[in-house]
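The file run.cif comes next; it holds mmCIF, C-alpha atoms.
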data_start
loop_
_atom_site.group_PDB
_atom_site.id
_atom_site.type_symbol
_atom_site.label_atom_id
_atom_site.label_comp_id
_atom_site.auth_asym_id
_atom_site.auth_seq_id
_atom_site.Cartn_x
_atom_site.Cartn_y
_atom_site.Cartn_z
ATOM 1 C CA MET D 1 14.575 -9.903 5.766
ATOM 2 C CA PRO D 2 13.290 -8.929 9.239
ATOM 3 C CA LYS D 3 16.000 -8.803 11.885
ATOM 4 C CA LEU D 4 15.856 -11.537 14.505
ATOM 5 C CA LYS D 5 14.835 -10.260 17.928
ATOM 6 C CA SER D 6 15.211 -11.709 21.386
ATOM 7 C CA LYS D 7 12.154 -13.093 23.147
ATOM 8 C CA PHE D 8 12.506 -10.339 25.730
ATOM 9 C CA LEU D 9 12.382 -7.577 23.122
ATOM 10 C CA ILE D 10 9.507 -9.271 21.287
ATOM 11 C CA ASN D 11 7.470 -9.403 24.510
ATOM 12 C CA VAL D 12 8.298 -5.819 25.521
ATOM 13 C CA GLU D 13 7.191 -4.569 22.102
ATOM 14 C CA TYR D 14 4.094 -6.732 22.115
ATOM 15 C CA PHE D 15 2.818 -5.725 25.554
ATOM 16 C CA THR D 16 3.504 -2.034 24.863
ATOM 17 C CA PHE D 17 1.683 -2.322 21.562
ATOM 18 C CA TYR D 18 -1.193 -4.299 23.075
ATOM 19 C CA PHE D 19 -1.735 -1.700 25.811
ATOM 20 C CA PHE D 20 -2.262 1.087 23.265
ATOM 21 C CA TYR D 21 -4.167 -1.246 20.929
ATOM 22 C CA THR D 22 -6.661 -2.076 23.699
ATOM 23 C CA LEU D 23 -6.879 1.545 24.839
ATOM 24 C CA ILE D 24 -7.701 2.810 21.336
ATOM 25 C CA ARG D 25 -10.341 0.111 20.813
ATOM 26 C CA LEU D 26 -12.090 1.147 24.036
ATOM 27 C CA MET D 27 -12.287 4.796 22.971
ATOM 28 C CA PRO D 28 -14.797 6.528 20.700
ATOM 29 C CA LEU D 29 -13.219 7.182 17.310
ATOM 30 C CA LYS D 30 -13.064 10.983 17.682
ATOM 31 C CA LEU D 31 -11.299 10.739 21.035
ATOM 32 C CA ALA D 32 -8.855 8.204 19.605
ATOM 33 C CA TYR D 33 -8.085 10.621 16.750
ATOM 34 C CA ILE D 34 -7.344 13.399 19.249
ATOM 35 C CA LEU D 35 -5.040 11.160 21.291
ATOM 36 C CA SER D 36 -3.187 9.947 18.187
ATOM 37 C CA ASN D 37 -2.816 13.523 16.972
ATOM 38 C CA PHE D 38 -1.154 14.508 20.249
ATOM 39 C CA PHE D 39 1.294 11.580 20.275
ATOM 40 C CA CYS D 40 1.997 11.986 16.567
ATOM 41 C CA ARG D 41 3.212 15.556 17.043
ATOM 42 C CA MET D 42 5.563 14.348 19.782
ATOM 43 C CA ILE D 43 6.879 11.538 17.571
ATOM 44 C CA PHE D 44 7.332 13.993 14.702
ATOM 45 C CA LEU D 45 9.718 16.027 16.860
ATOM 46 C CA CYS D 46 11.551 12.946 18.190
ATOM 47 C CA ASP D 47 11.961 11.066 14.884
ATOM 48 C CA PRO D 48 14.423 13.061 12.774
ATOM 49 C CA LYS D 49 15.239 10.068 10.547
ATOM 50 C CA HIS D 50 11.786 9.690 8.981
ATOM 51 C CA ARG D 51 10.993 13.397 9.163
ATOM 52 C CA LYS D 52 14.152 14.148 7.185
ATOM 53 C CA ARG D 53 13.349 11.476 4.580
ATOM 54 C CA ILE D 54 9.859 12.847 3.956
ATOM 55 C CA ILE D 55 11.283 16.344 3.537
ATOM 56 C CA GLN D 56 13.967 15.126 1.120
ATOM 57 C CA HIS D 57 11.658 12.854 -0.867
ATOM 58 C CA SER D 58 8.852 15.399 -1.262
ATOM 59 C CA ILE D 59 11.324 17.928 -2.683
ATOM 60 C CA HIS D 60 12.970 15.224 -4.817
ATOM 61 C CA ALA D 61 9.601 14.359 -6.388
ATOM 62 C CA LYS D 62 8.740 18.076 -6.780
ATOM 63 C CA ILE D 63 5.660 17.798 -4.583
ATOM 64 C CA VAL D 64 6.966 20.912 -2.813
ATOM 65 C CA ASP D 65 9.793 23.207 -3.843
ATOM 66 C CA ASN D 66 11.276 24.491 -0.597
ATOM 67 C CA ILE D 67 12.252 23.315 2.887
ATOM 68 C CA ARG D 68 9.582 25.335 4.678
ATOM 69 C CA ASP D 69 6.719 23.766 2.702
ATOM 70 C CA ALA D 70 8.383 20.364 2.927
ATOM 71 C CA LYS D 71 8.352 20.522 6.743
ATOM 72 C CA LYS D 72 4.631 21.351 6.744
ATOM 73 C CA PHE D 73 4.049 18.543 4.268
ATOM 74 C CA ALA D 74 5.980 16.089 6.473
ATOM 75 C CA LEU D 75 3.836 16.922 9.508
ATOM 76 C CA GLN D 76 0.645 16.418 7.460
ATOM 77 C CA ASN D 77 1.998 13.047 6.350
ATOM 78 C CA PHE D 78 2.751 12.001 9.942
ATOM 79 C CA LEU D 79 -0.713 13.091 11.105
ATOM 80 C CA HIS D 80 -2.437 11.189 8.319
ATOM 81 C CA PHE D 81 -0.770 7.917 9.253
ATOM 82 C CA SER D 82 -1.465 8.415 12.950
ATOM 83 C CA ARG D 83 -5.161 8.455 12.055
ATOM 84 C CA VAL D 84 -4.731 5.416 9.795
ATOM 85 C CA LEU D 85 -3.246 3.460 12.707
ATOM 86 C CA VAL D 86 -6.282 4.285 14.855
ATOM 87 C CA GLU D 87 -8.590 3.164 12.056
ATOM 88 C CA VAL D 88 -6.717 -0.099 11.549
ATOM 89 C CA PHE D 89 -7.018 -0.843 15.274
ATOM 90 C CA LYS D 90 -10.770 -0.226 15.170
ATOM 91 C CA ILE D 91 -11.591 -1.273 11.614
ATOM 92 C CA GLU D 92 -13.659 -4.393 12.319
ATOM 93 C CA GLN D 93 -15.597 -2.454 14.974
ATOM 94 C CA LEU D 94 -16.648 0.009 12.285
ATOM 95 C CA ILE D 95 -16.887 -1.881 8.983
ATOM 96 C CA LYS D 96 -19.383 -4.728 8.577
ATOM 97 C CA LYS D 97 -20.616 -6.518 5.462
ATOM 98 C CA GLY D 98 -23.790 -4.464 5.311
ATOM 99 C CA ASN D 99 -22.447 -0.982 6.044
ATOM 100 C CA VAL D 100 -19.317 -0.620 3.906
ATOM 101 C CA ALA D 101 -21.068 2.056 1.785
ATOM 102 C CA ASP D 102 -21.380 4.236 4.916
ATOM 103 C CA TYR D 103 -17.602 4.573 5.084
ATOM 104 C CA VAL D 104 -16.281 3.807 1.583
ATOM 105 C CA GLU D 105 -17.608 5.406 -1.603
ATOM 106 C CA LEU D 106 -16.730 3.608 -4.830
ATOM 107 C CA LYS D 107 -15.217 6.012 -7.352
ATOM 108 C CA ALA D 108 -14.406 3.853 -10.378
ATOM 109 C CA THR D 109 -14.160 4.903 -14.006
ATOM 110 C CA PRO D 110 -17.004 3.552 -16.216
ATOM 111 C CA LYS D 111 -14.681 0.926 -17.707
ATOM 112 C CA ALA D 112 -13.433 -0.120 -14.280
ATOM 113 C CA TYR D 113 -16.955 -0.343 -12.885
ATOM 114 C CA LYS D 114 -18.097 -2.560 -15.759
ATOM 115 C CA ALA D 115 -15.057 -4.839 -15.491
ATOM 116 C CA PHE D 116 -14.732 -5.191 -11.720
ATOM 117 C CA PHE D 117 -17.967 -4.135 -10.005
ATOM 118 C CA GLY D 118 -20.783 -4.594 -12.539
ATOM 119 C CA LYS D 119 -23.146 -7.494 -13.144
ATOM 120 C CA ASN D 120 -20.642 -9.467 -15.242
ATOM 121 C CA ARG D 121 -17.594 -8.526 -13.178
ATOM 122 C CA THR D 122 -14.378 -10.509 -13.367
ATOM 123 C CA ASN D 123 -11.688 -11.292 -10.847
ATOM 124 C CA ALA D 124 -8.670 -9.012 -10.857
ATOM 125 C CA ILE D 125 -4.965 -8.583 -10.311
ATOM 126 C CA ILE D 126 -5.206 -5.754 -7.783
ATOM 127 C CA VAL D 127 -2.317 -3.309 -7.651
ATOM 128 C CA THR D 128 -2.388 -0.819 -4.817
ATOM 129 C CA ALA D 129 -0.045 1.303 -2.695
ATOM 130 C CA HIS D 130 0.744 2.293 0.869
ATOM 131 C CA TYR D 131 -1.680 5.125 0.421
ATOM 132 C CA GLY D 132 -4.774 6.315 2.264
ATOM 133 C CA ASN D 133 -5.820 3.283 4.275
ATOM 134 C CA TRP D 134 -4.635 0.222 2.363
ATOM 135 C CA GLU D 135 -6.084 -2.186 4.962
ATOM 136 C CA LEU D 136 -9.491 -0.711 4.142
ATOM 137 C CA SER D 137 -8.747 -1.085 0.422
ATOM 138 C CA GLY D 138 -8.719 -4.886 0.524
ATOM 139 C CA MET D 139 -11.715 -5.047 2.828
ATOM 140 C CA GLY D 140 -13.709 -2.637 0.647
ATOM 141 C CA TYR D 141 -12.937 -4.592 -2.517
ATOM 142 C CA TYR D 142 -14.044 -7.872 -0.914
ATOM 143 C CA PHE D 143 -17.326 -6.484 0.405
ATOM 144 C CA LEU D 144 -18.084 -4.696 -2.890
ATOM 145 C CA THR D 145 -17.325 -7.628 -5.200
ATOM 146 C CA LYS D 146 -17.541 -10.777 -3.014
ATOM 147 C CA PHE D 147 -14.287 -11.983 -4.627
ATOM 148 C CA PRO D 148 -11.895 -13.399 -1.992
ATOM 149 C CA VAL D 149 -8.406 -11.907 -2.213
ATOM 150 C CA THR D 150 -5.090 -13.710 -1.872
ATOM 151 C CA ALA D 151 -2.179 -11.503 -0.834
ATOM 152 C CA ILE D 152 1.512 -12.156 -0.333
ATOM 153 C CA MET D 153 3.025 -10.827 2.875
ATOM 154 C CA ARG D 154 6.444 -10.417 4.387
ATOM 155 C CA PRO D 155 6.979 -11.789 7.905
ATOM 156 C CA PHE D 156 6.393 -9.207 10.633
ATOM 157 C CA ASN D 157 9.422 -8.081 12.639
ATOM 158 C CA ASN D 158 7.433 -9.013 15.731
ATOM 159 C CA PRO D 159 5.453 -12.238 15.182
ATOM 160 C CA LYS D 160 3.135 -11.618 18.148
ATOM 161 C CA ILE D 161 2.078 -8.237 16.790
ATOM 162 C CA GLY D 162 1.878 -9.796 13.338
ATOM 163 C CA LYS D 163 -0.752 -12.288 14.495
ATOM 164 C CA ILE D 164 -3.133 -9.445 15.353
ATOM 165 C CA PHE D 165 -2.880 -7.898 11.890
ATOM 166 C CA ILE D 166 -3.049 -11.272 10.130
ATOM 167 C CA LYS D 167 -6.266 -12.106 11.988
ATOM 168 C CA LYS D 168 -7.794 -8.783 10.888
ATOM 169 C CA ARG D 169 -6.901 -9.355 7.238
ATOM 170 C CA GLU D 170 -8.160 -12.931 7.172
ATOM 171 C CA ALA D 171 -11.476 -11.788 8.648
ATOM 172 C CA ALA D 172 -11.863 -9.399 5.699
ATOM 173 C CA GLY D 173 -11.843 -12.064 2.983
ATOM 174 C CA HIS D 174 -8.061 -12.325 2.654
ATOM 175 C CA GLU D 175 -5.945 -15.424 2.303
ATOM 176 C CA LEU D 176 -2.317 -14.686 3.202
ATOM 177 C CA HIS D 177 0.833 -16.452 2.034
ATOM 178 C CA GLN D 178 4.552 -15.958 2.565
ATOM 179 C CA LYS D 179 6.726 -14.806 -0.356
ATOM 180 C CA THR D 180 8.296 -18.263 -0.821
ATOM 181 C CA GLY D 181 6.544 -19.980 -3.727
ATOM 182 C CA ALA D 182 4.306 -16.937 -4.201
ATOM 183 C CA ILE D 183 4.042 -17.094 -8.001
ATOM 184 C CA LYS D 184 2.509 -20.582 -7.978
ATOM 185 C CA VAL D 185 0.062 -19.610 -5.241
ATOM 186 C CA LEU D 186 -1.045 -16.471 -7.109
ATOM 187 C CA LEU D 187 -1.533 -18.308 -10.408
ATOM 188 C CA LYS D 188 -3.558 -21.013 -8.672
ATOM 189 C CA THR D 189 -5.740 -18.343 -7.034
ATOM 190 C CA LEU D 190 -6.461 -16.607 -10.339
ATOM 191 C CA LYS D 191 -7.244 -19.940 -11.985
ATOM 192 C CA LYS D 192 -9.872 -20.612 -9.285
ATOM 193 C CA GLY D 193 -11.583 -17.325 -10.201
ATOM 194 C CA ASN D 194 -10.484 -15.362 -7.131
ATOM 195 C CA SER D 195 -8.505 -12.134 -7.058
ATOM 196 C CA ILE D 196 -4.973 -11.375 -5.902
ATOM 197 C CA GLY D 197 -3.738 -8.229 -4.210
ATOM 198 C CA ILE D 198 -0.229 -6.809 -4.515
ATOM 199 C CA ILE D 199 1.073 -3.639 -2.849
ATOM 200 C CA ALA D 200 3.464 -2.568 -5.580
ATOM 201 C CA ASP D 201 4.757 0.852 -4.567
ATOM 202 C CA GLN D 202 7.863 -0.118 -2.582
ATOM 203 C CA HIS D 203 11.458 -0.707 -3.635
ATOM 204 C CA ALA D 204 12.005 -4.125 -5.223
ATOM 205 C CA GLY D 205 15.239 -6.097 -5.252
ATOM 206 C CA SER D 206 17.080 -6.681 -8.510
ATOM 207 C CA MET D 207 15.724 -10.247 -8.746
ATOM 208 C CA GLU D 208 12.072 -9.250 -8.346
ATOM 209 C CA GLY D 209 11.881 -5.845 -9.986
ATOM 210 C CA VAL D 210 12.691 -3.733 -13.023
ATOM 211 C CA GLU D 211 13.675 -0.104 -13.284
ATOM 212 C CA VAL D 212 10.849 2.355 -13.929
ATOM 213 C CA GLN D 213 10.254 6.081 -13.680
ATOM 214 C CA PHE D 214 8.321 7.249 -10.613
ATOM 215 C CA PHE D 215 7.713 10.991 -10.223
ATOM 216 C CA ASN D 216 10.372 11.469 -12.938
ATOM 217 C CA HIS D 217 13.089 9.614 -11.024
ATOM 218 C CA PRO D 218 14.405 6.049 -11.361
ATOM 219 C CA ALA D 219 12.935 3.417 -9.061
ATOM 220 C CA ARG D 220 12.736 -0.368 -9.099
ATOM 221 C CA ALA D 221 9.185 -1.758 -9.113
ATOM 222 C CA HIS D 222 7.828 -5.247 -8.469
ATOM 223 C CA ILE D 223 7.117 -7.278 -11.601
ATOM 224 C CA SER D 224 4.687 -9.797 -10.033
ATOM 225 C CA PRO D 225 1.537 -8.095 -11.406
ATOM 226 C CA ALA D 226 3.068 -8.010 -14.898
ATOM 227 C CA LEU D 227 4.022 -11.687 -14.764
ATOM 228 C CA MET D 228 0.527 -12.653 -13.592
ATOM 229 C CA HIS D 229 -1.181 -10.609 -16.299
ATOM 230 C CA LEU D 230 1.002 -11.845 -19.154
ATOM 231 C CA LYS D 231 0.403 -15.420 -18.020
ATOM 232 C CA THR D 232 -3.384 -15.192 -17.515
ATOM 233 C CA GLN D 233 -4.618 -12.029 -19.335
ATOM 234 C CA ILE D 234 -6.757 -11.265 -16.275
ATOM 235 C CA PRO D 235 -7.096 -7.444 -16.089
ATOM 236 C CA ILE D 236 -5.080 -5.347 -13.653
ATOM 237 C CA LEU D 237 -7.057 -3.164 -11.256
ATOM 238 C CA VAL D 238 -5.098 -0.157 -10.019
ATOM 239 C CA GLY D 239 -6.851 1.435 -7.070
ATOM 240 C CA VAL D 240 -6.387 3.182 -3.721
ATOM 241 C CA THR D 241 -8.558 4.190 -0.802
ATOM 242 C CA ARG D 242 -8.258 7.946 -0.396
ATOM 243 C CA ARG D 243 -9.373 9.781 2.719
ATOM 244 C CA LYS D 244 -12.072 12.363 2.061
ATOM 245 C CA PRO D 245 -11.632 15.917 3.410
ATOM 246 C CA GLY D 246 -12.698 16.392 7.008
ATOM 247 C CA TYR D 247 -12.065 14.823 10.377
ATOM 248 C CA LYS D 248 -14.113 11.656 9.861
ATOM 249 C CA PHE D 249 -13.610 8.018 8.919
ATOM 250 C CA GLN D 250 -14.708 8.527 5.322
ATOM 251 C CA TYR D 251 -12.882 7.224 2.241
ATOM 252 C CA GLU D 252 -13.342 6.866 -1.480
ATOM 253 C CA TYR D 253 -12.145 3.758 -3.298
ATOM 254 C CA VAL D 254 -10.600 5.247 -6.454
ATOM 255 C CA VAL D 255 -10.102 2.795 -9.339
ATOM 256 C CA SER D 256 -8.486 3.545 -12.729
ATOM 257 C CA ASP D 257 -9.357 1.987 -16.087
ATOM 258 C CA PRO D 258 -8.497 -1.735 -16.303
ATOM 259 C CA ILE D 259 -5.042 -2.443 -17.691
ATOM 260 C CA MET D 260 -4.933 -4.984 -20.530
ATOM 261 C CA PHE D 261 -1.644 -5.517 -22.317
ATOM 262 C CA SER D 262 -1.045 -7.204 -25.667
ATOM 263 C CA PRO D 263 2.209 -9.191 -25.445
ATOM 264 C CA THR D 264 4.900 -9.053 -28.113
ATOM 265 C CA ASP D 265 7.786 -11.372 -28.929
ATOM 266 C CA ASN D 266 9.988 -9.525 -26.438
ATOM 267 C CA LYS D 267 8.862 -10.778 -23.007
ATOM 268 C CA GLU D 268 11.529 -8.873 -21.093
ATOM 269 C CA GLN D 269 10.443 -5.572 -22.635
ATOM 270 C CA ASP D 270 6.760 -6.465 -22.132
ATOM 271 C CA ILE D 271 7.366 -6.933 -18.407
ATOM 272 C CA LYS D 272 9.160 -3.591 -18.180
ATOM 273 C CA ASP D 273 6.507 -1.717 -20.189
ATOM 274 C CA LEU D 274 3.627 -3.227 -18.243
ATOM 275 C CA THR D 275 5.304 -2.537 -14.904
ATOM 276 C CA GLN D 276 5.737 1.086 -15.966
ATOM 277 C CA LEU D 277 2.031 1.260 -16.866
ATOM 278 C CA TYR D 278 0.739 0.371 -13.415
ATOM 279 C CA THR D 279 3.502 2.339 -11.693
ATOM 280 C CA SER D 280 2.423 5.430 -13.663
ATOM 281 C CA GLU D 281 -1.227 4.842 -12.710
ATOM 282 C CA LEU D 282 -0.262 4.649 -9.030
ATOM 283 C CA GLU D 283 1.721 7.865 -9.435
ATOM 284 C CA LYS D 284 -1.336 9.657 -10.876
ATOM 285 C CA LEU D 285 -3.518 8.545 -7.969
ATOM 286 C CA ILE D 286 -0.902 9.487 -5.371
ATOM 287 C CA ALA D 287 -0.357 12.921 -6.967
ATOM 288 C CA GLU D 288 -4.036 13.833 -6.468
ATOM 289 C CA ASP D 289 -3.407 14.012 -2.702
ATOM 290 C CA PRO D 290 0.257 13.230 -1.977
ATOM 291 C CA THR D 291 -0.052 13.730 1.791
ATOM 292 C CA GLN D 292 -1.598 10.248 2.037
ATOM 293 C CA TRP D 293 1.343 8.282 0.608
ATOM 294 C CA LEU D 294 4.194 6.700 2.609
ATOM 295 C CA TRP D 295 6.912 9.244 1.765
ATOM 296 C CA ALA D 296 9.330 7.982 4.433
ATOM 297 C CA HIS D 297 9.980 4.835 2.367
ATOM 298 C CA ARG D 298 13.261 4.769 0.385
ATOM 299 C CA ARG D 299 11.539 4.366 -2.975
ATOM 300 C CA TRP D 300 14.045 5.806 -5.443
ATOM 301 C CA LEU D 301 17.383 4.629 -6.767
ATOM 302 C CA ASP D 302 18.922 8.109 -6.853
ATOM 303 C CA ILE D 303 18.278 9.294 -3.283
ATOM 304 C CA ASN D 304 18.822 7.764 0.178
ATOM 305 C CA ARG D 305 20.204 4.511 -1.178
ATOM 306 C CA ASP D 306 23.536 2.859 -0.457
ATOM 307 C CA ARG D 307 26.367 4.835 -2.098
ATOM 308 C CA LYS D 308 28.180 1.729 -3.350
ATOM 309 C CA LYS D 309 25.012 0.517 -5.093
ATOM 310 C CA ARG D 310 24.501 3.939 -6.713
ATOM 311 C CA LYS D 311 28.091 3.954 -7.992
ATOM 312 C CA LYS D 312 27.681 0.409 -9.329
ATOM 313 C CA ARG D 313 24.494 1.434 -11.132
ATOM 314 C CA LYS D 314 26.154 4.472 -12.718
ATOM 315 C CA THR D 315 29.092 2.298 -13.851
ATOM 316 C CA LYS D 316 26.711 -0.120 -15.617
ATOM 317 C CA LYS D 317 25.186 2.768 -17.557
#

Translate this file's structure into C-alpha cells.
Amino acid sequence: MPKLKSKFLINVEYFTFYFFYTLIRLMPLKLAYILSNFFCRMIFLCDPKHRKRIIQHSIHAKIVDNIRDAKKFALQNFLHFSRVLVEVFKIEQLIKKGNVADYVELKATPKAYKAFFGKNRTNAIIVTAHYGNWELSGMGYYFLTKFPVTAIMRPFNNPKIGKIFIKKREAAGHELHQKTGAIKVLLKTLKKGNSIGIIADQHAGSMEGVEVQFFNHPARAHISPALMHLKTQIPILVGVTRRKPGYKFQYEYVVSDPIMFSPTDNKEQDIKDLTQLYTSELEKLIAEDPTQWLWAHRRWLDINRDRKKRKKRKTKK
C-alpha cells in the first residue's frame, strides 16, 4: 500500500512535478529528449539504490555476465525511461486518433492479427509489462481496435500527480478501477464485449500470485489474467510497445500468438500453468531488447527480497 504523506509533502512534490511537466510540454520533443538525457545522467550518479538493483538483476538474469557491462546496461536502462517520461508528458500532443500509424507500427503474428486486429476481431485479455512505453501500449490498442479497455490501478503515492496520469489514460479509451472488487469489474467488462488490460510483470503477493520461472529464476506472478481466461475463454493477448532504433518517438506494437488454454480437472494447476505461459511470452518479448524493461523492480524471489521471507520459503520446500 502507498505510504501516507502529509499535505505539505504532497504539495511540494506536486508543484515540483508540475513545473517540469509544464516545461517539457512547452518544448519541442527533441529538445525535451536532450534535457531529460542530461538530468538522467545526473540522477544515475545520485541514485545508487536503483542503479545497484539494475546491475544485480541484469547479471542475475544473465542479460550480461560482468559488472562492467552491467553498469553500461544500467545507464542505457535509465536513459530509456527518461525518454519514456518525456513521451508520457507529451503523449496526447503527439498521438491522435488519425495518426497513430505515424508513431506506432503494428507487428502482430498472423494468428494475433486475425484474432485481435482483423475484420472479425474479438475483445481480449491484454497482458503487458513495464516495457517500452506501456502508456502508449494501451492507447495504441484502443486506436487500432476501437475496443475500450478497462484497467485496474493501484492508488498513486501522490493523489494530485495521480490525477494527471488518470486523466491521460481515460482520454485514451481507458476505464480505470481500484483493486478492490477488481475481479467482478473485469468479468463484467469482458461480458460487455470490451477488453481488459493487466500489467503482469511485477511481483505479486502470496494471495494474488503463483510461483513461476522468469529468466530461469523463481518469481511470483499475478493470476488475474489466468482467472479471467478460465472463466470466459476469451483469448489472452500478450504484447508490448518496443522503441525502434534511433532518437525518435517511434515504436512497434509487438503481439504474440493468442493464448487459449484448455482447462483440466485440476484448477489450481491450470492457473499455475497458464500464468507460466503468459509470463514466458513476456520474457521472450523482453529478451529481444532487455534495455527497455523496468529492471530496478524487485521481481524475483531469490534476490533483493526480505531475508526472513526467503528463509521461510526455503523451509517450506

Quiz item: Do you have the atom CA of D:Ile91-atom CA of D:His50 distance handy?
Solution: 26.0 Å

Restrict the calculation to only C-alpha atoms, then for each residue of stretch 107-156 of chain D with any atom at most 6 Å from an atom of stretch 189-198 of chain D give the closest atom pair and their distance in Å to one decimal, rows by chain and rising residue number, as a Markdown table.
| residue | atom | partner | partner_atom | distance |
| --- | --- | --- | --- | --- |
| D:Asn123 | CA | D:Ser195 | CA | 5.0 |
| D:Ala124 | CA | D:Ser195 | CA | 4.9 |
| D:Ile125 | CA | D:Ile196 | CA | 5.2 |
| D:Ile126 | CA | D:Gly197 | CA | 4.6 |
| D:Val127 | CA | D:Ile198 | CA | 5.1 |
| D:Phe147 | CA | D:Asn194 | CA | 5.7 |
| D:Pro148 | CA | D:Asn194 | CA | 5.7 |
| D:Val149 | CA | D:Ser195 | CA | 4.9 |
| D:Thr150 | CA | D:Ile196 | CA | 4.7 |
| D:Ala151 | CA | D:Gly197 | CA | 5.0 |

Mind checking which residues fall within 12 Å of D:Gly98, counting only C-alpha atoms, ignoring those fewer than 4 positions away in the same chain, and posting them as a PDB file with C-alpha atoms, in the coordinates of the input?
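Generated file (result.pdb):
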ATOM      1  CA  LEU D  94     -16.648   0.009  12.285  1.00  0.00           C
ATOM      2  CA  ASP D 102     -21.380   4.236   4.916  1.00  0.00           C
ATOM      3  CA  TYR D 103     -17.602   4.573   5.084  1.00  0.00           C
ATOM      4  CA  VAL D 104     -16.281   3.807   1.583  1.00  0.00           C
ATOM      5  CA  GLY D 140     -13.709  -2.637   0.647  1.00  0.00           C
ATOM      6  CA  PHE D 143     -17.326  -6.484   0.405  1.00  0.00           C
ATOM      7  CA  LEU D 144     -18.084  -4.696  -2.890  1.00  0.00           C
TER       8      LEU D 144
END

Exercise. List the residues matched by the PyMOL selection byres ((chain D and resi 234-246) around 6) in the displayed structure as a PyMOL selection string, ordered by chain and then by residue number.
Key: chain D and resi 124-128+132-133+137+229+232-233+247-248+250-256+258-260

Quiz item: So which one's closest to D:Val86, D:Gln202, D:Thr291, D:Asn66, D:Thr22? Using all atoms listed in the file, please.
Solution: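 Once distances to D:Val86 are computed over all atoms listed in the file, the minimum belongs to D:Thr22.
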
Quiz prompt | Top pick for closest residue to D:Leu79, considering D:Arg305, D:Tyr33, D:Asp289, D:Ala219 and counting all atoms listed in the file | solution =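 Under the stated criterion, the closest residue is D:Tyr33.
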
Quiz item: Which neighbours of D:Arg25 fall inside 12 Å, counting only C-alpha atoms, when residues of the same chain fewer than 5 positions from it are skipped, and could you give them as a ChimeraX atom specification?
Solution: /D:18-20,30-33,85-94

Quiz item: Applied to the shown file, which residues does the PyMOL selection byres ((chain D and resi 78) around 10) return, written as a PyMOL selection string?
Solution: chain D and resi 37+40-41+43-44+50-51+54+73-77+79-84+291-292+294-296

Practice problem: State, in Å with one decimal place, the distance from atom CA of D:Ala70 to atom CA of D:Ile55. | Solution: 5.0 Å
